[in-house]
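Asker: Input structure: query-v7.pdb, which contains PDB, C-alpha atoms.
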MODEL        1
ATOM      1  CA  MET A   1     -24.815 -16.684 -36.235
ATOM      2  CA  THR A   2     -23.006 -13.894 -37.922
ATOM      3  CA  GLY A   3     -23.823 -10.205 -38.001
ATOM      4  CA  LYS A   4     -25.022  -8.322 -41.048
ATOM      5  CA  ALA A   5     -21.617  -6.887 -41.878
ATOM      6  CA  LYS A   6     -19.666 -10.115 -41.484
ATOM      7  CA  PRO A   7     -19.303 -12.423 -44.499
ATOM      8  CA  LYS A   8     -20.318 -16.026 -43.924
ATOM      9  CA  LYS A   9     -17.840 -17.590 -46.347
ATOM     10  CA  HIS A  10     -14.147 -17.329 -47.050
ATOM     11  CA  THR A  11     -13.062 -15.021 -49.834
ATOM     12  CA  ALA A  12     -11.073 -16.281 -52.819
ATOM     13  CA  LYS A  13      -8.126 -14.120 -51.739
ATOM     14  CA  GLU A  14      -8.111 -15.695 -48.267
ATOM     15  CA  ILE A  15      -8.310 -19.229 -49.677
ATOM     16  CA  GLN A  16      -5.471 -18.498 -52.142
ATOM     17  CA  ALA A  17      -3.351 -17.110 -49.300
ATOM     18  CA  LYS A  18      -3.910 -20.290 -47.276
ATOM     19  CA  VAL A  19      -2.997 -22.491 -50.268
ATOM     20  CA  ASP A  20       0.122 -20.399 -50.903
ATOM     21  CA  ALA A  21       1.173 -20.603 -47.244
ATOM     22  CA  ALA A  22       0.627 -24.367 -47.174
ATOM     23  CA  THR A  23       2.458 -25.215 -50.405
ATOM     24  CA  THR A  24       5.339 -22.715 -50.433
ATOM     25  CA  ASN A  25       8.631 -23.784 -48.906
ATOM     26  CA  ARG A  26       9.531 -21.046 -46.431
ATOM     27  CA  GLY A  27      12.557 -22.894 -45.076
ATOM     28  CA  GLY A  28      11.018 -23.812 -41.724
ATOM     29  CA  GLY A  29      10.865 -27.099 -39.830
ATOM     30  CA  LYS A  30      13.041 -30.128 -40.547
ATOM     31  CA  ALA A  31      13.051 -29.465 -44.286
ATOM     32  CA  GLY A  32      14.737 -26.088 -43.876
ATOM     33  CA  VAL A  33      17.225 -26.911 -41.125
ATOM     34  CA  ALA A  34      20.040 -27.432 -43.637
ATOM     35  CA  ASP A  35      19.232 -24.113 -45.275
ATOM     36  CA  ARG A  36      19.152 -22.246 -41.953
ATOM     37  CA  THR A  37      22.406 -23.729 -40.689
ATOM     38  CA  GLY A  38      24.149 -23.389 -44.045
ATOM     39  CA  GLN A  39      25.438 -26.973 -44.104
ATOM     40  CA  VAL A  40      24.581 -27.812 -47.697
ATOM     41  CA  LYS A  41      25.286 -24.688 -49.734
ATOM     42  CA  GLY A  42      25.638 -21.924 -47.176
ATOM     43  CA  GLY A  43      21.921 -21.219 -46.976
ATOM     44  CA  HIS A  44      20.603 -17.808 -47.919
ATOM     45  CA  ALA A  45      23.661 -16.208 -46.402
ATOM     46  CA  LYS A  46      26.379 -16.176 -49.007
ATOM     47  CA  PHE A  47      29.278 -14.463 -47.209
ATOM     48  CA  GLU A  48      30.980 -15.279 -43.891
ATOM     49  CA  CYS A  49      32.778 -12.818 -41.625
ATOM     50  CA  PRO A  50      36.405 -13.890 -41.072
ATOM     51  CA  HIS A  51      36.401 -12.579 -37.488
ATOM     52  CA  CYS A  52      33.176 -13.851 -35.893
ATOM     53  CA  LYS A  53      31.939 -16.342 -38.566
ATOM     54  CA  ILE A  54      28.529 -14.687 -38.839
ATOM     55  CA  THR A  55      26.923 -14.914 -42.295
ATOM     56  CA  ALA A  56      25.385 -12.229 -44.505
ATOM     57  CA  PRO A  57      23.523 -12.410 -47.831
ATOM     58  CA  ASP A  58      25.607  -9.820 -49.693
ATOM     59  CA  ILE A  59      28.798  -7.740 -49.558
ATOM     60  CA  LYS A  60      27.019  -4.519 -48.550
ATOM     61  CA  THR A  61      25.393  -6.211 -45.537
ATOM     62  CA  MET A  62      28.744  -7.717 -44.589
ATOM     63  CA  GLN A  63      30.349  -4.278 -44.777
ATOM     64  CA  ILE A  64      27.626  -2.829 -42.509
ATOM     65  CA  HIS A  65      28.132  -5.724 -40.078
ATOM     66  CA  HIS A  66      31.896  -5.218 -40.090
ATOM     67  CA  GLU A  67      31.649  -1.475 -39.444
ATOM     68  CA  SER A  68      29.282  -1.954 -36.514
ATOM     69  CA  LYS A  69      30.763  -5.058 -34.873
ATOM     70  CA  HIS A  70      34.482  -4.746 -35.699
ATOM     71  CA  PRO A  71      35.150  -0.979 -35.899
ATOM     72  CA  LYS A  72      38.815  -1.214 -34.847
ATOM     73  CA  LEU A  73      39.733  -3.797 -37.503
ATOM     74  CA  PRO A  74      40.276  -2.678 -41.106
ATOM     75  CA  TYR A  75      37.646  -3.888 -43.587
ATOM     76  CA  ASP A  76      39.188  -6.113 -46.245
ATOM     77  CA  GLU A  77      36.754  -7.507 -48.802
ATOM     78  CA  SER A  78      39.248 -10.160 -49.972
ATOM     79  CA  LYS A  79      39.198 -11.907 -46.553
ATOM     80  CA  ILE A  80      35.439 -12.528 -46.669
ATOM     81  CA  THR A  81      34.539 -16.148 -47.456
ATOM     82  CA  ASN A  82      32.027 -16.865 -50.232
ATOM     83  CA  LEU A  83      30.151 -19.885 -48.846
ATOM     84  CA  HIS A  84      28.344 -20.665 -52.110
ATOM     85  CA  ALA A  85      31.680 -21.115 -53.887
ATOM     86  CA  VAL A  86      33.168 -23.200 -51.048
ATOM     87  CA  LEU A  87      30.162 -25.364 -50.118
ATOM     88  CA  ALA A  88      28.489 -25.731 -53.537
ATOM     89  CA  PRO A  89      27.085 -29.243 -54.014
ATOM     90  CA  VAL A  90      28.223 -31.279 -56.992
ATOM     91  CA  VAL A  91      24.740 -32.633 -57.808
ATOM     92  CA  ALA A  92      22.415 -29.917 -59.143
ATOM     93  CA  GLU A  93      19.304 -32.143 -59.316
ATOM     94  CA  LYS A  94      18.027 -31.396 -55.813
ATOM     95  CA  PRO A  95      15.577 -28.493 -55.414
ATOM     96  CA  LYS A  96      16.985 -25.514 -53.531
ATOM     97  CA  PRO A  97      15.418 -25.043 -50.088
ATOM     98  CA  GLY A  98      13.961 -21.755 -48.971
ATOM     99  CA  VAL A  99      13.235 -20.447 -52.457
ATOM    100  CA  ARG A 100       9.770 -18.976 -52.945
ATOM    101  CA  GLY A 101       7.722 -21.370 -55.007
ATOM    102  CA  SER A 102       6.021 -24.681 -54.695
ATOM    103  CA  LEU A 103       6.798 -28.205 -55.782
ATOM    104  CA  LYS A 104       3.109 -29.220 -55.440
ATOM    105  CA  LYS A 105       1.674 -27.063 -58.236
TER     106      LYS A 105
ENDMDL
END
Before we go any further, please render this structure as structure tokens.
Answerer:
Amino acid sequence: MTGKAKPKKHTAKEIQAKVDAATTNRGGGKAGVADRTGQVKGGHAKFECPHCKITAPDIKTMQIHHESKHPKLPYDESKITNLHAVLAPVVAEKPKPGVRGSLKK
């Protein structure tokens, strides 16, 4: 039994949130392993540090990483590797993993 202040049924917002969570590709599990490791197209991280090979999604984040982790080395934007340009797949028919949206709609 429920109390007077507790609703007995699920709200439409709660049901929609559960449907969204179940059908949206968040990049987890076996389906998102290629996206997380960056094997196919570099994943979400577009740029790679030339010194420690860590990846970052944009130039500004890479600059922040470089200033904090490699303070003695000079920052040179031309040495940073663009993984999307290097690892871009030839076939563009496959859906991109980790992008918000659902294929089941």
Asker: CA of Lys72 in chain A to CA of Pro57 in chain A: how many Å, to one decimal?
Answerer: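 For CA of Lys72 in chain A relative to CA of Pro57 in chain A, the distance reads 23.0 Å.
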Asker: Could you tell me how far CA of Ile80 in chain A lies from CA of Ile59 in chain A, in Å and to one decimal?
Answerer: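 Separation of CA of Ile80 in chain A and CA of Ile59 in chain A: 8.7 Å.
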Asker: With 5 Å on each side, where is the centre of the axis-aligned box around all listed atoms of range 47-52 of chain A, and how long are its edges in Å to one decimal, as JSON?
Answerer:
{"center_x": 32.8, "center_y": -13.9, "center_z": -41.6, "size_x": 17.1, "size_y": 12.7, "size_z": 21.3}
Asker: What is the CA of His10 in chain A-CA of Asn25 in chain A distance in Å, reported with one decimal?
Answerer: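 Here the two named atoms are 23.7 Å from each other.
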Asker: Kindly complete range 46-58 of chain A to N, CA, C and O atoms; the output should be written as a PDB file, keeping the file's coordinate frame.
Answerer:
ATOM      1  N   LYS A  46      25.333 -15.798 -48.067  1.00  0.00           N
ATOM      2  CA  LYS A  46      26.379 -16.176 -49.007  1.00  0.00           C
ATOM      3  C   LYS A  46      27.783 -15.912 -48.465  1.00  0.00           C
ATOM      4  O   LYS A  46      28.707 -16.655 -48.743  1.00  0.00           O
ATOM      5  N   PHE A  47      27.952 -14.867 -47.665  1.00  0.00           N
ATOM      6  CA  PHE A  47      29.278 -14.463 -47.209  1.00  0.00           C
ATOM      7  C   PHE A  47      29.445 -14.672 -45.711  1.00  0.00           C
ATOM      8  O   PHE A  47      28.493 -14.540 -44.956  1.00  0.00           O
ATOM      9  N   GLU A  48      30.681 -15.003 -45.292  1.00  0.00           N
ATOM     10  CA  GLU A  48      30.980 -15.279 -43.891  1.00  0.00           C
ATOM     11  C   GLU A  48      32.055 -14.305 -43.400  1.00  0.00           C
ATOM     12  O   GLU A  48      33.072 -14.103 -44.064  1.00  0.00           O
ATOM     13  N   CYS A  49      31.820 -13.746 -42.224  1.00  0.00           N
ATOM     14  CA  CYS A  49      32.778 -12.818 -41.625  1.00  0.00           C
ATOM     15  C   CYS A  49      34.001 -13.604 -41.148  1.00  0.00           C
ATOM     16  O   CYS A  49      33.861 -14.620 -40.467  1.00  0.00           O
ATOM     17  N   PRO A  50      35.208 -13.152 -41.482  1.00  0.00           N
ATOM     18  CA  PRO A  50      36.405 -13.890 -41.072  1.00  0.00           C
ATOM     19  C   PRO A  50      36.709 -13.773 -39.578  1.00  0.00           C
ATOM     20  O   PRO A  50      37.441 -14.586 -39.036  1.00  0.00           O
ATOM     21  N   HIS A  51      36.102 -12.806 -38.904  1.00  0.00           N
ATOM     22  CA  HIS A  51      36.401 -12.579 -37.488  1.00  0.00           C
ATOM     23  C   HIS A  51      35.448 -13.329 -36.557  1.00  0.00           C
ATOM     24  O   HIS A  51      35.887 -13.984 -35.619  1.00  0.00           O
ATOM     25  N   CYS A  52      34.141 -13.244 -36.812  1.00  0.00           N
ATOM     26  CA  CYS A  52      33.176 -13.851 -35.893  1.00  0.00           C
ATOM     27  C   CYS A  52      32.353 -14.969 -36.539  1.00  0.00           C
ATOM     28  O   CYS A  52      31.489 -15.556 -35.896  1.00  0.00           O
ATOM     29  N   LYS A  53      32.582 -15.250 -37.818  1.00  0.00           N
ATOM     30  CA  LYS A  53      31.939 -16.342 -38.566  1.00  0.00           C
ATOM     31  C   LYS A  53      30.431 -16.157 -38.749  1.00  0.00           C
ATOM     32  O   LYS A  53      29.721 -17.107 -39.048  1.00  0.00           O
ATOM     33  N   ILE A  54      29.939 -14.934 -38.577  1.00  0.00           N
ATOM     34  CA  ILE A  54      28.529 -14.687 -38.839  1.00  0.00           C
ATOM     35  C   ILE A  54      28.342 -14.576 -40.351  1.00  0.00           C
ATOM     36  O   ILE A  54      29.268 -14.207 -41.073  1.00  0.00           O
ATOM     37  N   THR A  55      27.157 -14.915 -40.855  1.00  0.00           N
ATOM     38  CA  THR A  55      26.923 -14.914 -42.295  1.00  0.00           C
ATOM     39  C   THR A  55      26.034 -13.746 -42.698  1.00  0.00           C
ATOM     40  O   THR A  55      25.221 -13.272 -41.917  1.00  0.00           O
ATOM     41  N   ALA A  56      26.180 -13.323 -43.946  1.00  0.00           N
ATOM     42  CA  ALA A  56      25.385 -12.229 -44.505  1.00  0.00           C
ATOM     43  C   ALA A  56      25.068 -12.549 -45.962  1.00  0.00           C
ATOM     44  O   ALA A  56      25.836 -13.233 -46.633  1.00  0.00           O
ATOM     45  N   PRO A  57      23.926 -12.066 -46.467  1.00  0.00           N
ATOM     46  CA  PRO A  57      23.523 -12.410 -47.831  1.00  0.00           C
ATOM     47  C   PRO A  57      24.290 -11.696 -48.939  1.00  0.00           C
ATOM     48  O   PRO A  57      24.360 -12.190 -50.046  1.00  0.00           O
ATOM     49  N   ASP A  58      24.869 -10.523 -48.648  1.00  0.00           N
ATOM     50  CA  ASP A  58      25.607  -9.820 -49.693  1.00  0.00           C
ATOM     51  C   ASP A  58      26.763  -9.017 -49.101  1.00  0.00           C
ATOM     52  O   ASP A  58      26.900  -8.898 -47.889  1.00  0.00           O
TER      53      ASP A  58
END
